[in-house]
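Below: one structure, written as structure tokens.
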Amino acid sequence: MLCLSPSRTLKSLMTCALIAFGSITHAQQVFRITAIPDESPTELARKAAPLVKYLEGKLGMKVEWTPVTDYAAAVETLVNKKIDMAWFGGFTFVQANHRSGGKVIPLVQREEDEKFRSVFITSDPAIKALADLKGKDVSFGSQSSTSGHLMPRSFLLQAGLNPDKDFKRVAFSGAHDATIAAVASGKVQAGALNISVWEKFVADKKVDTDKVRVIYTTPPYYDYNWTVHADMPAALREKLAQALLALNKGTPEGKEILELQRATRFVPTKAENYKGIEAAAVNAALL
């Protein structure tokens, strides 16, 4: 082969460089993004569509939304570089960081994620506080959900309640909207979920607040972020971060994307922000 020839000329070296550059460009023609499936597949796809279009323009390459079946799959696809960027909860970021040996980088988070919260909801008039959940059927979201399981469990433990011992039954709905449905239908007496999904359901009148209400809102904690693999070229990583940070509600495009992402704006983040979640996971024996 030309590139392996011992008598390479300047021309042949340039040719090799062009071939190599062409291969890299070809390999990076499609930029794939995914997200933990904390809502229905149709809702996730709806939220992703304008962001995909925006990133295509900013990155100058095709961007594809790549749904995954569960939280574990979101972690594995990024760790194994099957996708380029993932929307993680704080706990799934911690899991990916552990699985990859520290080879993932959280780029940005929503401003709201600096002080994120979970809510406990119920349709049972007799339940007025966390202590009243004892002996009840309670639903979390996914087992790997930060705001739908880990942090609610952590705050329950701090309140002296062990879900595995004190609840009649612990259920996992798989997603925040499914938790609301389970509580509203009476399948469980209470549930824990992400506050932004709850507020969206209330605003859209998708839940009857005369029947389903919040009994407890957790203290704040860091949560969601957009994460990439550390092997991503630094130039592309910087371009991506700047594209997300540049989104603002002053433009029609920015307004649509940010409202769908339930974000005021995106801000820089770092791995150290999630040390509290890592500690909570270890304390709850989930890591």
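In the structure tokens, the first chain shown is A, the next is B, and so on; residue numbers restart at 1 for each chain, and ligands run from 1 in the order shown.
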
Exercise. Would you mind listing what lies within 8 Å of segment 155-163 of chain A as a count of residues only, with only C-alpha atoms counted and same-chain residues fewer than 2 positions away left out?
Key: 11

Exercise. Run DSSP on the backbone and grab whatever in segment 34-96 of chain A lands in alpha helix (DSSP H); send it over as an NGL selection string.
Key: :A and (41-59 or 71-79 or 90-96)

Contact table segment 202-285 of chain A vs segment 27-49 of chain A, cut-off 10 Å, shortest pair per residue, only C-alpha atoms, as CSV:
```
residue,atom,partner,partner_atom,distance
A:Tyr224,CA,A:Ile36,CA,10.0
A:Asn225,CA,A:Ala35,CA,10.0
A:Trp226,CA,A:Ala35,CA,8.7
A:Thr227,CA,A:Ile33,CA,9.8
A:Val228,CA,A:Ile33,CA,9.4
A:Glu256,CA,A:Lys47,CA,9.2
A:Ile257,CA,A:Lys47,CA,7.5
A:Leu258,CA,A:Lys47,CA,9.4
A:Glu259,CA,A:Lys47,CA,9.0
A:Leu260,CA,A:Lys47,CA,5.3
A:Gln261,CA,A:Lys47,CA,6.5
A:Arg262,CA,A:Lys47,CA,9.6
```

Quiz item: Leaving out segment 103-108 of chain A and any residue of its chain fewer than 5 positions from it, which residues lie within 12 Å of it when counting only C-alpha atoms, given as number ranges by chain?
Solution: A: 75-81, 84-90, 92-98, 113-114, 222-232, 234, 236-247, 263, 265-274

Limited to C-alpha atoms, could you put the picked residues into a file as a CSV table (one decimal), in the first residue's frame?
```csv
chain,number,residue,atom,x,y,z
A,75,VAL,CA,-25.6,4.0,29.7
A,76,GLU,CA,-24.1,1.2,27.7
A,77,THR,CA,-24.6,2.8,24.3
A,78,LEU,CA,-22.6,5.8,25.3
A,79,VAL,CA,-19.9,3.8,27.2
A,80,ASN,CA,-19.5,1.6,24.1
A,81,LYS,CA,-19.5,4.7,21.8
A,84,ASP,CA,-22.2,10.3,20.6
A,85,MET,CA,-24.3,12.2,23.2
A,86,ALA,CA,-26.8,11.1,25.9
A,87,TRP,CA,-29.3,13.0,28.0
A,88,PHE,CA,-28.7,11.4,31.4
A,89,GLY,CA,-30.1,11.9,34.9
A,90,GLY,CA,-27.6,12.4,37.6
A,92,THR,CA,-27.2,7.4,35.0
A,93,PHE,CA,-24.3,9.8,34.6
A,94,VAL,CA,-22.7,8.4,37.7
A,95,GLN,CA,-23.3,4.8,36.4
A,96,ALA,CA,-21.8,5.7,33.0
A,97,ASN,CA,-18.8,7.3,34.7
A,98,HIS,CA,-18.2,4.1,36.8
A,113,ASP,CA,-30.8,21.0,37.1
A,114,GLU,CA,-28.6,22.9,39.5
A,222,TYR,CA,-28.1,18.3,40.8
A,223,ASP,CA,-29.7,16.3,38.2
A,224,TYR,CA,-29.9,15.9,34.4
A,225,ASN,CA,-27.1,16.7,31.9
A,226,TRP,CA,-26.0,16.1,28.3
A,227,THR,CA,-22.9,13.8,28.4
A,228,VAL,CA,-20.4,12.7,25.8
A,229,HIS,CA,-17.6,10.2,25.7
A,230,ALA,CA,-14.2,11.5,26.6
A,231,ASP,CA,-12.8,10.1,23.3
A,232,MET,CA,-14.8,12.7,21.3
A,234,ALA,CA,-12.0,18.2,21.7
A,236,LEU,CA,-16.3,18.7,18.2
A,237,ARG,CA,-17.0,18.7,22.0
A,238,GLU,CA,-16.4,22.4,22.2
A,239,LYS,CA,-18.6,23.1,19.2
A,240,LEU,CA,-21.4,21.0,20.6
A,241,ALA,CA,-21.2,22.6,24.0
A,242,GLN,CA,-21.2,26.1,22.5
A,243,ALA,CA,-24.2,25.2,20.4
A,244,LEU,CA,-26.2,24.1,23.4
A,245,LEU,CA,-25.1,27.1,25.5
A,246,ALA,CA,-26.1,29.5,22.7
A,247,LEU,CA,-29.7,28.5,22.8
A,263,ALA,CA,-35.3,24.6,30.3
A,265,ARG,CA,-31.2,27.9,29.4
A,266,PHE,CA,-28.3,25.5,29.4
A,267,VAL,CA,-25.3,26.1,31.6
A,268,PRO,CA,-21.9,24.4,31.9
A,269,THR,CA,-21.6,21.5,34.3
A,270,LYS,CA,-18.8,19.2,35.6
A,271,ALA,CA,-18.5,15.7,37.1
A,272,GLU,CA,-17.9,17.0,40.6
A,273,ASN,CA,-21.5,18.3,40.6
A,274,TYR,CA,-22.7,14.7,40.9
```

Quiz item: Rounded to one decimal in Å, what is the spacing between atom CA of Val119 of chain A and atom CA of Arg169 of chain A?
Solution: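 Atom-to-atom, atom CA of Val119 of chain A and atom CA of Arg169 of chain A are spaced 18.8 Å apart.
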
Exercise. Write out as a PyMOL selection string the residues lying within 9 Å of Ser185 of chain A, counting only C-alpha atoms and excluding same-chain residues fewer than 4 positions away.
Key: chain A and resi 123+180-181

Resulting file, chosen residues, N, CA and C atoms, as a PDB file, in the first residue's frame:
```
ATOM      1  N   SER A 123     -53.205   9.828  45.784  1.00  0.00           N
ATOM      2  CA  SER A 123     -54.640  10.025  45.536  1.00  0.00           C
ATOM      3  C   SER A 123     -55.439   9.582  46.764  1.00  0.00           C
ATOM      4  N   ILE A 180     -47.447   8.821  37.437  1.00  0.00           N
ATOM      5  CA  ILE A 180     -48.656   9.630  37.626  1.00  0.00           C
ATOM      6  C   ILE A 180     -49.893   8.797  37.288  1.00  0.00           C
ATOM      7  N   ALA A 181     -49.826   8.066  36.186  1.00  0.00           N
ATOM      8  CA  ALA A 181     -50.966   7.239  35.761  1.00  0.00           C
ATOM      9  C   ALA A 181     -51.284   6.162  36.794  1.00  0.00           C
TER      10      ALA A 181
END
```

Segment 40-108 of chain A: which residues are strand (DSSP E) by DSSP, as a PDB file with C-alpha atoms, in the first residue's frame?
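The result, written out as result.pdb:
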```
ATOM      1  CA  LYS A  62     -26.417  14.640   9.995  1.00  0.00           C
ATOM      2  CA  VAL A  63     -27.814  14.198  13.518  1.00  0.00           C
ATOM      3  CA  GLU A  64     -29.994  11.222  14.415  1.00  0.00           C
ATOM      4  CA  TRP A  65     -32.256  10.649  17.385  1.00  0.00           C
ATOM      5  CA  MET A  85     -24.257  12.176  23.211  1.00  0.00           C
ATOM      6  CA  ALA A  86     -26.765  11.118  25.865  1.00  0.00           C
ATOM      7  CA  TRP A  87     -29.265  12.951  28.036  1.00  0.00           C
ATOM      8  CA  PHE A  88     -28.665  11.404  31.448  1.00  0.00           C
ATOM      9  CA  VAL A 104     -17.457  10.279  30.058  1.00  0.00           C
ATOM     10  CA  ILE A 105     -17.794  14.056  30.302  1.00  0.00           C
ATOM     11  CA  PRO A 106     -20.931  15.968  31.334  1.00  0.00           C
ATOM     12  CA  LEU A 107     -21.103  18.984  29.007  1.00  0.00           C
ATOM     13  CA  VAL A 108     -24.100  21.078  29.999  1.00  0.00           C
TER      14      VAL A 108
END
```

Quiz prompt | Atomic distance atom CA of Ala73 of chain A - atom CA of Ile195 of chain A, expressed in Å with one decimal | solution =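 Calculated distance between atom CA of Ala73 of chain A and atom CA of Ile195 of chain A is 24.0 Å.
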
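Distance-wise, atom CA of Thr251 of chain A and atom CA of Asp204 of chain A end up 23.5 Å apart.
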